[in-house]
Each structure stands twice: as structure tokens, then as C-alpha cells.
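Asks: To be precise about what I am sending: the file is called query06.txt and holds compact mmCIF, C-alpha atoms and all ligand atoms.
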```txt
# COMPACT_ATOMS: atom_id res chain seq x y z
CA GLN A 1 74.55 108.84 92.18
CA CYS A 2 74.48 111.39 94.99
CA THR A 3 77.47 113.65 95.57
CA LEU A 4 78.14 112.51 99.11
CA TRP A 5 77.38 108.82 99.36
CA CYS A 6 74.47 108.38 101.74
CA PRO A 7 75.60 106.15 104.61
CA THR A 8 72.04 105.32 105.59
CA GLY A 9 71.16 104.13 102.08
CA ALA A 10 68.22 106.50 101.87
CA ILE A 11 69.25 108.34 98.71
CA THR A 12 70.50 105.64 96.41
CA GLU A 13 70.81 101.89 96.51
CA ARG A 14 72.26 99.74 93.79
CA GLN A 15 71.37 96.08 93.39
CA ASP A 16 74.30 93.73 92.81
CA THR A 17 72.74 90.33 93.46
CA ALA A 18 72.66 89.41 89.75
CA LYS A 19 76.45 89.79 89.55
CA VAL A 20 76.87 87.43 92.49
CA LEU A 21 74.59 84.82 90.93
CA ALA A 22 76.48 85.07 87.62
CA ALA A 23 79.79 84.47 89.41
CA LEU A 24 78.39 81.54 91.40
CA ASP A 25 77.10 79.99 88.19
CA ASN A 26 80.51 80.29 86.48
CA PRO A 27 82.56 77.13 87.17
CA ALA A 28 85.73 78.75 85.81
CA VAL A 29 86.15 81.15 88.75
CA HIS A 30 86.84 80.78 92.47
CA VAL A 31 84.19 82.82 94.29
CA LEU A 32 85.04 83.79 97.85
CA VAL A 33 82.97 85.87 100.21
CA GLN A 34 83.82 87.91 103.31
CA THR A 35 81.17 88.84 105.87
CA ALA A 36 81.32 92.04 107.92
CA PRO A 37 81.19 91.96 111.72
CA ALA A 38 77.73 93.55 111.86
CA THR A 39 75.85 91.20 109.53
CA ARG A 40 76.13 88.27 111.99
CA VAL A 41 73.83 90.08 114.42
CA SER A 42 71.29 91.37 111.90
CA LEU A 43 70.73 88.89 109.04
CA GLY A 44 68.44 86.78 111.25
CA GLU A 45 65.97 89.68 111.38
CA GLU A 46 65.23 89.03 107.69
CA PHE A 47 64.21 85.49 108.66
CA GLY A 48 61.91 86.37 111.53
CA LEU A 49 64.40 86.23 114.40
CA PRO A 50 64.48 88.92 117.12
CA PRO A 51 66.75 91.97 116.57
CA GLY A 52 70.38 91.25 117.30
CA SER A 53 70.10 87.45 117.09
CA ILE A 54 73.53 85.88 116.60
CA VAL A 55 73.51 83.96 113.31
CA GLN A 56 77.25 83.82 112.63
CA GLY A 57 77.36 80.05 112.02
CA LYS A 58 74.06 79.93 110.14
CA GLN A 59 75.17 82.78 107.88
CA VAL A 60 78.31 80.79 107.03
CA ALA A 61 76.20 77.69 106.34
CA ALA A 62 73.81 79.69 104.16
CA LEU A 63 76.67 81.14 102.09
CA LYS A 64 78.09 77.65 101.61
CA ALA A 65 74.65 76.46 100.53
CA LEU A 66 74.56 79.29 97.98
CA GLY A 67 77.71 77.81 96.44
CA PHE A 68 80.60 80.05 97.49
CA ASP A 69 83.96 78.29 97.22
CA ALA A 70 85.22 79.89 100.44
CA VAL A 71 83.37 81.71 103.23
CA LEU A 72 85.76 84.05 105.04
CA ASP A 73 85.60 86.77 107.66
CA THR A 74 86.00 90.54 107.29
CA CYS A 75 86.95 90.43 110.99
CA PHE A 76 90.29 89.04 109.82
CA GLY A 77 90.62 92.27 107.81
CA ALA A 78 89.61 94.24 110.91
CA ASP A 79 92.39 92.59 112.91
CA LEU A 80 94.82 93.47 110.14
CA THR A 81 93.57 97.06 110.16
CA ILE A 82 94.19 97.25 113.90
CA MET A 83 97.76 95.94 113.59
CA GLU A 84 98.51 98.67 111.06
CA GLU A 85 96.45 101.47 112.61
CA ALA A 86 97.74 100.95 116.16
CA SER A 87 101.31 100.90 114.81
CA GLU A 88 100.61 104.12 112.93
CA LEU A 89 99.23 105.70 116.11
CA LEU A 90 102.41 104.83 118.01
CA GLU A 91 104.49 106.45 115.28
CA ARG A 92 102.37 109.59 115.24
CA VAL A 93 102.41 109.98 119.02
CA LYS A 94 106.18 109.50 119.21
CA GLN A 95 106.96 111.77 116.27
CA PRO A 96 105.17 115.08 116.74
CA GLU A 97 105.73 116.19 113.13
CA HIS A 98 102.91 113.79 112.19
CA SER A 99 99.39 115.19 112.33
CA LEU A 100 97.53 114.52 115.56
CA PRO A 101 94.86 113.58 116.36
CA GLN A 102 94.86 110.54 114.11
CA PHE A 103 91.43 109.90 112.58
CA THR A 104 90.13 106.40 111.84
CA SER A 105 89.63 105.71 108.14
CA CYS A 106 87.60 102.49 108.02
CA CYS A 107 84.22 104.11 107.29
CA PRO A 108 83.93 105.16 103.62
CA GLY A 109 80.97 107.45 104.37
CA TRP A 110 83.12 109.36 106.86
CA VAL A 111 86.19 109.37 104.58
CA LYS A 112 84.21 110.84 101.70
CA PHE A 113 82.76 113.46 104.05
CA VAL A 114 86.31 114.60 104.89
CA GLU A 115 87.33 114.54 101.23
CA TYR A 116 84.45 116.83 100.31
CA TYR A 117 84.14 119.16 103.27
CA TYR A 118 87.38 119.00 105.29
CA PRO A 119 90.20 118.27 102.79
CA ASP A 120 92.55 120.43 104.87
CA LEU A 121 92.23 117.78 107.60
CA MET A 122 93.02 114.78 105.36
CA PRO A 123 96.57 114.47 106.83
CA HIS A 124 94.86 113.42 110.06
CA LEU A 125 93.23 110.40 108.41
CA SER A 126 94.99 107.13 109.08
CA SER A 127 96.43 105.84 105.82
CA CYS A 128 94.97 102.41 106.61
CA LYS A 129 92.46 100.92 104.20
CA SER A 130 89.21 99.64 105.65
CA PRO A 131 88.93 95.99 106.78
CA GLN A 132 86.96 95.19 103.60
CA GLN A 133 89.72 96.53 101.37
CA MET A 134 92.64 95.12 103.39
CA PHE A 135 90.92 91.76 103.22
CA GLY A 136 90.47 92.13 99.46
CA ALA A 137 94.13 93.02 98.86
CA VAL A 138 95.34 90.05 100.91
CA ALA A 139 92.81 87.68 99.34
CA LYS A 140 94.13 88.23 95.82
CA THR A 141 97.82 88.07 96.82
CA TYR A 142 98.60 85.96 99.90
CA TYR A 143 95.46 83.78 99.78
CA ALA A 144 95.72 83.40 95.99
CA ALA A 145 99.36 82.28 96.29
CA LYS A 146 98.62 79.83 99.12
CA LYS A 147 95.68 78.34 97.21
CA GLN A 148 97.56 78.47 93.88
CA ILE A 149 94.83 80.40 92.11
CA SER A 150 95.54 83.29 89.74
CA PRO A 151 94.05 86.56 91.07
CA GLU A 152 92.35 86.92 87.67
CA ASN A 153 90.32 83.81 88.44
CA ILE A 154 89.08 84.95 91.85
CA VAL A 155 85.80 86.80 92.28
CA SER A 156 85.89 88.55 95.66
CA VAL A 157 82.48 89.29 97.16
CA ALA A 158 81.76 91.23 100.37
CA VAL A 159 78.57 91.14 102.43
CA MET A 160 78.33 94.47 104.21
CA PRO A 161 75.88 96.39 106.39
CA CYS A 162 76.75 99.38 104.27
CA THR A 163 75.82 101.00 100.96
CA ALA A 164 78.95 103.21 100.95
CA LYS A 165 81.12 100.09 100.68
CA LYS A 166 79.86 99.66 97.11
CA PHE A 167 81.51 102.97 96.23
CA GLU A 168 84.63 102.19 98.24
CA CYS A 169 85.52 99.01 96.34
CA GLN A 170 85.34 100.96 93.08
CA ARG A 171 87.80 103.66 94.09
CA PRO A 172 90.51 103.54 91.38
CA GLU A 173 93.31 102.99 93.88
CA MET A 174 91.71 99.86 95.36
CA ASN A 175 93.56 97.48 93.03
CA ALA A 176 96.71 96.76 95.03
CA ALA A 177 96.68 93.04 94.21
CA GLY A 178 96.26 93.82 90.51
CA VAL A 179 99.20 96.24 90.58
CA GLU A 180 101.36 93.63 92.32
CA ALA A 181 100.41 90.97 89.75
CA LYS A 182 100.79 93.47 86.85
CA LEU A 183 97.09 92.96 86.12
CA PRO A 184 95.79 96.48 86.81
CA ALA A 185 92.22 95.59 85.83
CA VAL A 186 91.99 93.15 88.76
CA ARG A 187 90.04 94.72 91.64
CA ASP A 188 90.73 93.81 95.27
CA VAL A 189 86.99 93.47 95.94
CA ASP A 190 84.74 92.84 92.96
CA ILE A 191 81.18 92.92 94.30
CA VAL A 192 79.63 94.31 97.48
CA ILE A 193 76.13 93.29 98.54
CA THR A 194 74.29 94.48 101.61
CA THR A 195 72.82 92.33 104.39
CA ARG A 196 69.39 92.88 102.81
CA GLU A 197 70.64 91.77 99.40
CA LEU A 198 72.08 88.60 100.93
CA ALA A 199 68.68 87.83 102.42
CA GLN A 200 67.10 88.37 98.98
CA LEU A 201 69.61 85.99 97.40
CA LEU A 202 68.93 83.29 99.98
CA LYS A 203 65.17 83.62 99.55
CA LYS A 204 65.52 83.59 95.76
CA ARG A 205 67.48 80.32 95.92
CA GLY A 206 65.05 78.83 98.44
CA ILE A 207 67.60 78.57 101.27
CA ASP A 208 65.95 78.63 104.71
CA MET A 209 68.77 79.88 106.91
CA ASN A 210 66.99 78.98 110.13
CA GLY A 211 66.85 75.32 109.14
CA LEU A 212 70.60 75.01 108.54
CA ALA A 213 73.15 73.67 111.03
CA SER A 214 75.82 76.21 111.94
CA ALA A 215 79.11 76.02 110.06
CA GLU A 216 82.61 77.42 110.61
CA TYR A 217 84.43 79.98 108.51
CA ASP A 218 86.99 78.54 106.11
CA SER A 219 90.73 79.03 106.44
CA ILE A 220 92.80 81.02 105.70
CA LEU A 221 91.41 84.57 106.31
CA GLY A 222 88.60 83.09 108.40
CA GLU A 223 89.93 83.64 111.92
CA THR A 224 89.02 86.58 114.14
CA SER A 225 89.73 88.01 117.55
CA GLY A 226 87.09 89.61 119.75
CA ALA A 227 88.57 92.96 118.75
CA GLY A 228 87.81 92.24 115.09
CA ILE A 229 84.19 91.53 115.93
CA ILE A 230 83.52 94.77 117.84
CA PHE A 231 84.49 96.82 114.77
CA GLY A 232 80.76 96.77 114.03
CA VAL A 233 79.78 99.08 116.91
CA THR A 234 80.53 102.71 117.69
CA GLY A 235 83.62 102.75 119.91
CA GLY A 236 84.65 99.26 118.85
CA VAL A 237 87.46 100.34 116.54
CA MET A 238 88.90 102.55 119.26
CA GLU A 239 88.69 99.82 121.89
CA ALA A 240 90.28 97.30 119.51
CA ALA A 241 93.07 99.72 118.58
CA VAL A 242 93.93 100.61 122.16
CA ARG A 243 94.11 96.93 123.19
CA THR A 244 96.76 96.37 120.52
CA ALA A 245 98.52 99.73 121.03
CA TYR A 246 98.98 98.71 124.68
CA HIS A 247 100.57 95.44 123.60
CA LEU A 248 102.79 97.06 120.97
CA SER A 249 104.07 99.56 123.51
CA THR A 250 104.56 97.20 126.48
CA ALA A 251 104.76 93.62 125.06
CA GLN A 252 102.11 92.83 127.70
CA ASP A 253 98.44 91.97 127.39
CA PRO A 254 96.17 94.94 128.17
CA PRO A 255 94.55 95.11 131.61
CA ASP A 256 90.90 94.08 132.08
CA SER A 257 89.88 97.75 132.21
CA LEU A 258 90.89 98.07 128.53
CA LEU A 259 89.22 94.79 127.56
CA THR A 260 85.89 96.19 128.68
CA TRP A 261 86.52 99.87 128.10
CA ASN A 262 83.21 101.29 129.21
CA PRO A 263 83.90 105.01 128.50
CA VAL A 264 83.96 104.32 124.74
CA ARG A 265 80.85 102.10 124.77
CA GLY A 266 77.21 103.11 124.37
CA LEU A 267 75.12 105.32 122.10
CA GLN A 268 76.16 108.74 123.38
CA GLY A 269 77.00 110.87 120.30
CA VAL A 270 80.50 111.83 121.45
CA LYS A 271 82.47 109.85 124.04
CA GLU A 272 85.86 110.63 125.55
CA ALA A 273 88.33 108.44 127.42
CA THR A 274 91.94 108.23 128.50
CA ALA A 275 94.23 105.22 128.59
CA ASP A 276 97.53 105.09 130.48
CA ILE A 277 99.90 103.12 128.30
CA PRO A 278 103.47 102.62 129.60
CA GLY A 279 105.93 103.92 127.04
CA LEU A 280 103.29 106.06 125.42
CA GLY A 281 101.89 108.07 128.34
CA THR A 282 98.27 109.07 128.80
CA VAL A 283 96.47 108.72 125.48
CA ARG A 284 93.32 110.82 125.13
CA VAL A 285 90.74 109.59 122.66
CA ALA A 286 87.30 110.54 121.39
CA VAL A 287 84.63 108.46 119.65
CA CYS A 288 81.93 109.95 117.48
CA HIS A 289 79.09 108.56 115.39
CA GLY A 290 76.81 110.50 113.07
CA LEU A 291 78.21 113.24 110.84
CA LYS A 292 76.51 116.07 112.76
CA ASN A 293 78.55 115.14 115.83
CA ALA A 294 81.65 114.90 113.65
CA ARG A 295 81.37 118.58 112.67
CA GLU A 296 81.77 119.65 116.31
CA LEU A 297 84.95 117.66 116.79
CA LEU A 298 86.36 118.76 113.44
CA ALA A 299 85.81 122.41 114.34
CA ALA A 300 87.96 121.84 117.45
CA VAL A 301 90.67 120.15 115.35
CA ARG A 302 90.66 123.02 112.85
CA GLU A 303 91.01 125.54 115.67
CA LYS A 304 93.84 123.44 117.14
CA LYS A 305 91.85 123.05 120.35
CA ALA A 306 91.46 119.27 120.15
CA PRO A 307 92.99 117.57 123.20
CA TRP A 308 92.84 114.06 121.73
CA GLN A 309 95.50 111.89 120.08
CA PHE A 310 93.05 109.57 118.33
CA ILE A 311 89.44 109.95 117.20
CA GLU A 312 87.10 107.27 115.86
CA PHE A 313 84.44 108.49 113.43
CA MET A 314 81.54 106.43 112.07
CA ALA A 315 78.95 107.94 109.75
CA CYS A 316 75.99 105.83 110.89
CA PRO A 317 74.31 106.19 114.26
CA GLY A 318 75.51 103.30 116.41
CA GLY A 319 78.26 102.42 113.90
CA CYS A 320 77.95 99.69 111.27
CA ILE A 321 75.26 97.78 113.18
CA GLY A 322 73.04 100.72 112.14
CA GLY A 323 74.28 100.85 108.53
CA GLY A 324 72.12 101.62 105.51
CA GLY A 325 72.30 98.06 104.18
CA GLN A 326 70.97 96.43 107.33
CA PRO A 327 67.51 94.83 107.70
CA ARG A 328 64.74 97.33 108.22
CA THR A 329 62.77 95.83 111.04
CA SER A 330 62.15 99.42 111.99
CA LEU A 331 62.78 102.49 109.86
CA PRO A 332 64.74 104.41 110.92
CA PRO A 333 66.31 101.78 113.19
CA THR A 334 65.36 102.37 116.80
CA ASP A 335 67.87 102.50 119.62
CA GLU A 336 66.35 99.26 120.94
CA VAL A 337 67.29 97.48 117.70
CA ARG A 338 70.75 99.06 117.76
CA LYS A 339 71.31 98.11 121.40
CA ALA A 340 70.29 94.49 120.77
CA ARG A 341 72.78 94.19 117.90
CA ILE A 342 75.53 95.92 119.93
CA ALA A 343 75.03 93.73 123.01
CA ASN A 344 75.49 90.58 120.99
CA LEU A 345 78.66 91.77 119.27
CA TYR A 346 80.16 92.38 122.72
CA LYS A 347 78.94 88.91 123.70
CA LEU A 348 80.83 87.40 120.76
CA ASP A 349 83.93 89.35 121.83
CA THR A 350 83.90 87.94 125.37
CA ALA A 351 83.23 84.46 123.98
CA LEU A 352 86.88 84.48 122.82
CA PRO A 353 88.64 84.91 126.19
CA ALA A 354 92.08 83.90 124.94
CA LYS A 355 91.76 86.03 121.83
CA ARG A 356 90.34 89.42 122.72
CA SER A 357 93.01 91.38 120.82
CA SER A 358 94.05 91.46 117.18
CA TYR A 359 97.67 90.43 117.82
CA GLN A 360 96.36 87.16 119.31
CA ASN A 361 94.78 86.08 116.00
CA GLN A 362 97.01 83.21 114.78
CA GLU A 363 96.19 83.80 111.12
CA ILE A 364 97.26 87.43 111.54
CA ARG A 365 100.59 86.32 113.00
CA GLN A 366 100.94 83.92 110.08
CA VAL A 367 100.29 86.52 107.38
CA TYR A 368 102.98 88.78 108.85
CA GLN A 369 105.46 85.88 109.16
CA GLU A 370 104.84 84.59 105.67
CA TRP A 371 103.98 87.69 103.63
CA LEU A 372 103.95 91.14 105.21
CA LYS A 373 106.93 90.86 107.65
CA GLU A 374 105.70 93.48 110.14
CA PRO A 375 103.18 96.31 110.42
CA LEU A 376 104.05 99.34 108.27
CA SER A 377 106.63 97.32 106.28
CA GLU A 378 107.12 98.14 102.61
CA GLU A 379 104.90 95.18 101.72
CA ALA A 380 102.19 96.25 104.16
CA GLU A 381 102.30 99.85 102.92
CA ALA A 382 101.82 98.68 99.32
CA LEU A 383 98.85 96.41 100.05
CA LEU A 384 97.14 97.80 103.10
CA HIS A 385 97.54 101.58 103.00
CA THR A 386 95.99 104.17 100.74
CA ARG A 387 95.70 107.86 99.94
CA PHE A 388 92.81 110.29 99.91
CA VAL A 389 91.45 112.69 97.32
CA ASP A 390 90.47 116.33 97.80
CA ARG A 391 86.94 116.38 96.32
CA SER A 392 86.00 119.88 97.44
CA ASN A 393 86.25 121.25 93.87
CA GLN A 394 83.63 118.69 92.71
CA LEU A 395 81.30 120.10 95.33
CA THR A 396 81.80 123.65 94.07
CA ALA A 397 81.32 122.55 90.45
CA LYS A 398 77.93 121.01 91.26
CA ARG A 399 76.61 124.07 93.05
FE1 LIG B 401 79.19 102.00 106.25
FE2 LIG B 401 79.66 101.43 108.82
FE3 LIG B 401 80.38 103.79 107.81
FE4 LIG B 401 77.81 103.27 108.13
S1 LIG B 401 79.33 103.45 109.78
S2 LIG B 401 78.77 104.22 106.31
S3 LIG B 401 77.75 101.06 107.70
S4 LIG B 401 81.21 101.79 107.22
```
Step by step, read the file and then write its structure as C-alpha cells.
Replies:
Amino acid sequence: QCTLWCPTGAITERQDTAKVLAALDNPAVHVLVQTAPATRVSLGEEFGLPPGSIVQGKQVAALKALGFDAVLDTCFGADLTIMEEASELLERVKQPEHSLPQFTSCCPGWVKFVEYYYPDLMPHLSSCKSPQQMFGAVAKTYYAAKKQISPENIVSVAVMPCTAKKFECQRPEMNAAGVEAKLPAVRDVDIVITTRELAQLLKKRGIDMNGLASAEYDSILGETSGAGIIFGVTGGVMEAAVRTAYHLSTAQDPPDSLLTWNPVRGLQGVKEATADIPGLGTVRVAVCHGLKNARELLAAVREKKAPWQFIEFMACPGGCIGGGGQPRTSLPPTDEVRKARIANLYKLDTALPAKRSSYQNQEIRQVYQEWLKEPLSEEAEALLHTRFVDRSNQLTAKR
């Protein structure tokens, strides 16, 4: 295993399809699966469709045909992340003793990069877990209680565009549901497979995705907003967070200019934007993808010359749509492939006109009413937030 997990999957790639098949063949367990935002615009490429083809419904149908007991959406986890992360941003901006700028923390490749090379800047990382891990913690607590299944008897699978997510689910602290149930061996997410591995599984079981009728995600934990969907592109987390920060600060829906926030869109390596949010003032943000670009911004933060309150970092060029677990119609992925995937995630966002923002997701409202109370509550902190580890000494030891 490489020291710094390779976000593009070029250095190491572990196969986990056999574990999924073993779980599916075990009638004693409830096997649920979550699918990341980015896989719905890439899986089709493994079945001969053009880059970026939207296969959301066919992917759900294919997973049901494989035998999963519930097919759920990581976008629900993304909406939860936004509720927590936007609330954290408001706190940090209003209370200057907190470290600003706030850094996003949903990309495990980026988080590990900070832990190894910039541990002095870890206080800037949002304490929010990634959508995958928030989803996992809620699945084995709230979902398990609602469905009356013991968390021990749930196998939680994630389909991700990302090889770093395999490492993330194994981090020792990612067992919040197990701690709550006094079953510390229970992991929040048990198995992560990449988009390519899902395609292999479908082919192995003789499932022709193209021939299936589209199906809907199951409930609960299957609903998304448009904001949850655009998590898969560079700038999408920032845009999603600012939509909800606007609402949290004003109790109003954000203006159209923030629902299509062009300054944070596109493949430019570093993007900057400002948003005027009543009650919060002018919020300056930056968006960065690729770790080389990250170094420039981090140098400014270290020198205390960073003018931003919030920065989104993604390790992979283009964000998760360009992740190391994605289909390799071209290697490395070209910008044309990336742009096709990005365009269709934005299309899915605008296809939900009454639900562009995370706070408009009814299942999100429900989980707060029934389980978490409110963002940053004691319950939310225990399940949805995490801590980071200074790994710089491991780096020195290996040299
Ligand atoms: Fe994984 Fe997305 Fe980060 Fe790439 S950008 S390492 S795919 S989380």
C-alpha cells in the first residue's frame, strides 16, 4: 500500500468484488448499497454508451438485479454533509477564534494529503465526515432502527468513483454506529467497490444494464437534492454549501445567481468567487482540484495571506467524475470525457427545480426531526463528525 493513497488509482487498486458476492449470497444479512453522485454519469461507458450518459435509473435496476436488499443514494449523505458543513461555516465566520478559511473534508485523498504534508493546517479542515461515511453512520443507526434490523446484520456497500474511499472506510474512527450500539467491531461502511468493479460484477452475473428498465432508489436514505448530485464535480460542494448557507443565514431560498453559480464551475485549476449573504456579509471562496494546485493555496494559508473564508479541495482533476475508480474510456481521462460527465450532473441538478438545495430534501428534514435534532447537535457531532491524524512522522520514518 502506498504511503499517500493515490487518488487516480494508478499506484494500487484492491479488488473487493468477491466480498460483495459473498454478502449477496448470505441470506442471513441485509445488504444495502449506496451509489456516489459521479457513478450515474460514468457506469454506462462500461456498457458501450457515450461518455457522461445518465444511467441513474438503470444503475439502480442493475443493483436490484444483483440482489441488494436496498439500493440507496450517497447523495442523501451529501445533503447531510452540506447541512453540517454549511452550519459549521456559519459558526466559523461568526466566531473569529475558529480557524478560517474552512477547508472541505469530503475527499479522502485530499484529507490524507493534509495529514501527511500540512498537519499544521488540520484545524482548517471541516470536522464533517464525507458523504459516504455520514451515510454509513446513519444507515446502521437511524435506518437500522426504522427497519428493525440489528446493525450487526447489515452489510453496507458503497459504489464509488474513487480508490481512496476504500482506505477511508477502514479508518479506525469510522465506526460511529458500532460505538453507539456498543458493538465496536461494526463498521459504518463495510465494503467499497469502484465504478469499474461494479461493471465487472454485473458482467460476471450476466446482467445487461442497457436492457433493464429504469428503477427508483429505495427509501429511506434514497432521496437527493440537486445540490447532493453536483458533489461529483469540482466546485459542486462549494455551490451546494453556499446555497444552504444562504438559507441558514436568511431563512430564504438562495437567488438564481447562486443556483447556477458560474464562477465556481468549469475545469480551471483554481476558481474564486464571492457571495453576498445577508447576515453573513460577503463570503469569499476558492475552489481547487488537483493536489499541485492545492499547494499554491496552502502556501497562502500558511503565510496568512489567504483572503477566503471557505476553500473546496478535490484531489482528482475535475473532481470525483475524474476519480481513479471510474471507467477508462480514455487514459488518462480527457477533458472531453470530464466535461460530458460534468454537464450531465448539472442537468440532473436542474431536473429537480423544487429541490435544488440540501435543506429541501424531505428525508433530510425527517432525519433531523426524528434522530439528529439539528445540525451540529450532540447526536450529529457523534455520528457525522470526525477528527484527523497527524501522519507527518510516518512520512519521515519511511524516508
Ligand atoms: Fe476520491 Fe473524489 Fe477525492 Fe478523487 S476527488 S480522491 S474520486 S473523493
Asks: Please, what is the axis-aligned box for every listed atom of ligand LIG 401 (chain B) with 8 Å on each side, as centre and edge lengths in Å to one decimal, as AutoDock Vina command-line options?
Replies:
```
--center_x 79.5 --center_y 102.6 --center_z 108.0 --size_x 19.5 --size_y 19.2 --size_z 19.5
```
Asks: List every residue of chain A that has an atom at most 6 Å from any atom of ligand LIG 401 (chain B), giving for each one its closest atom pair and the distance in Å to one decimal, counting all atoms listed in the file, sorted by chain and then by ascending residue number, as a Markdown table.
Replies:
```
| residue | atom | partner | partner_atom | distance |
| --- | --- | --- | --- | --- |
| A:Pro7 | CA | B:LIG401 | S2 | 4.1 |
| A:Cys107 | CA | B:LIG401 | S4 | 3.8 |
| A:Pro108 | CA | B:LIG401 | S4 | 5.6 |
| A:Gly109 | CA | B:LIG401 | S2 | 4.4 |
| A:Pro161 | CA | B:LIG401 | S3 | 5.2 |
| A:Cys162 | CA | B:LIG401 | S3 | 3.9 |
| A:Ala164 | CA | B:LIG401 | FE1 | 5.4 |
| A:Met314 | CA | B:LIG401 | S1 | 4.4 |
| A:Ala315 | CA | B:LIG401 | S1 | 4.5 |
| A:Cys316 | CA | B:LIG401 | FE4 | 4.2 |
| A:Gly319 | CA | B:LIG401 | S1 | 4.4 |
| A:Cys320 | CA | B:LIG401 | FE2 | 3.5 |
| A:Gly323 | CA | B:LIG401 | S3 | 3.6 |
```
Asks: Include C-alpha atoms and write out the residues we just selected as an mmCIF file, in the frame of the given file.
Replies:
```
data_model
loop_
_atom_site.group_PDB
_atom_site.id
_atom_site.type_symbol
_atom_site.label_atom_id
_atom_site.label_comp_id
_atom_site.auth_asym_id
_atom_site.auth_seq_id
_atom_site.Cartn_x
_atom_site.Cartn_y
_atom_site.Cartn_z
ATOM 1 C CA PRO A 7 75.600 106.150 104.610
ATOM 2 C CA CYS A 107 84.220 104.110 107.290
ATOM 3 C CA PRO A 108 83.930 105.160 103.620
ATOM 4 C CA GLY A 109 80.970 107.450 104.370
ATOM 5 C CA PRO A 161 75.880 96.390 106.390
ATOM 6 C CA CYS A 162 76.750 99.380 104.270
ATOM 7 C CA ALA A 164 78.950 103.210 100.950
ATOM 8 C CA MET A 314 81.540 106.430 112.070
ATOM 9 C CA ALA A 315 78.950 107.940 109.750
ATOM 10 C CA CYS A 316 75.990 105.830 110.890
ATOM 11 C CA GLY A 319 78.260 102.420 113.900
ATOM 12 C CA CYS A 320 77.950 99.690 111.270
ATOM 13 C CA GLY A 323 74.280 100.850 108.530
#
```
Asks: Can you work out which one of A:Val179, A:Val33, A:Leu21, A:Val55 has the shortest atom-to-atom distance to Arg341 (chain A), counting all atoms listed in the file?
Replies: A:Val55
Asks: Show me the residues close to (89.6, 99.1, 126.0) - anything with an atom within 12 Å, counting only C-alpha atoms - and format the list as an NGL selection string.
Replies: :A and (226-227 or 230 or 235-247 or 253-265 or 273-277 or 283 or 285 or 356-357)
Asks: List the neighbours of Tyr143 (chain A) out to 10 Å using all atoms listed in the file; skip same-chain residues closer than 5 positions along the sequence, and give me the result as a list of chain:residue names.
Replies: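 My list of contacting residues is A:Phe135, A:Gly136, A:Ala137, A:Val138, A:Gln148, A:Ile149, A:Pro151, A:Ser219, A:Ile220, A:Leu221, A:Val367.
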Asks: Go through A:Cys288, A:Leu348, A:Val301, A:Pro51 and flag the residue nearest Met122 (chain A), using only C-alpha atoms for the distances.
Replies: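 With only C-alpha atoms as the atom set, the closest residue is A:Val301.
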Asks: What gap, in Å, lies between CA of Thr141 (chain A) and CA of Ala78 (chain A)?
Replies: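 Interatomic distance, CA of Thr141 (chain A) to CA of Ala78 (chain A): 17.4 Å.
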Asks: List as a ChimeraX atom specification the protein and nucleic acid residues near region 268-271 of chain A, meaning an atom at most 10 Å away when only C-alpha atoms are counted, but skip any in the same chain fewer than 5 places from it.
Replies: /A:234-235,263,285-294,296-297,311-313,317-318
Asks: List as a PyMOL selection string: which residues have an atom within 12 Å of (107.5, 111.6, 124.3), counting all atoms listed in the file?
Replies: chain A and resi 90-96+278-283
Asks: Determine the nearest neighbour of Ala22 (chain A) from the options A:Lys373, A:Glu216, A:Ser42, A:Leu201, counting all atoms listed in the file.
Replies: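 Ranking A:Lys373, A:Glu216, A:Ser42, A:Leu201 by distance to Ala22 (chain A), first place goes to A:Leu201.
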Asks: Contacts of Ala185 (chain A) at 9 Å or less, counting only C-alpha atoms, minus same-chain residues fewer than 6 places along, as a ChimeraX atom specification?
Replies: /A:152,175,178-179
Asks: For Thr334 (chain A), which residue among A:Lys182, A:Leu198, A:Ile321, A:Glu363 is the nearest when counting only C-alpha atoms?
Replies: A:Ile321
Asks: Which distance in Å separates CA of Trp371 (chain A) and CA of Tyr142 (chain A), to one decimal?
Replies: 6.8 Å
Asks: As a tab-separated table (two decimals) with C-alpha atoms, keeping the file's coordinate frame, please: the residues near Lys129 (chain A) (cut-off 8 Å, only C-alpha atoms, same-chain neighbours under 5 positions excluded).
Replies:
```tsv
chain	number	residue	atom	x	y	z
A	81	THR	CA	93.57	97.06	110.16
A	105	SER	CA	89.63	105.71	108.14
A	106	CYS	CA	87.60	102.49	108.02
A	134	MET	CA	92.64	95.12	103.39
A	384	LEU	CA	97.14	97.80	103.10
A	385	HIS	CA	97.54	101.58	103.00
A	386	THR	CA	95.99	104.17	100.74
```
Asks: Between CA of Gln170 (chain A) and CA of Val41 (chain A), what is the spacing in Å?
Replies: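 These atoms are spaced 26.6 Å apart.
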Asks: Given the choices A:Met160, A:Ser150, A:Arg387, A:Gly222, which gets closest to Arg40 (chain A) if the distance is worked out from all atoms listed in the file?
Replies: A:Met160
Asks: Find the residues near Ala340 (chain A): any atom within 12 Å, counting all atoms listed in the file, skip ones fewer than 5 places away on the same chain, and give them as a list in words.
Replies: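 Counting all atoms listed in the file, the residues come to Ala38, Val41, Ser42, Glu45, Leu49, Pro50, Pro51, Gly52, Ser53, Ile54, Val233, Gly266, Leu267, Gly318, Ile321, Gly322, Pro333, Thr334, Asp335, Leu345, Tyr346 and Lys347 of chain A.
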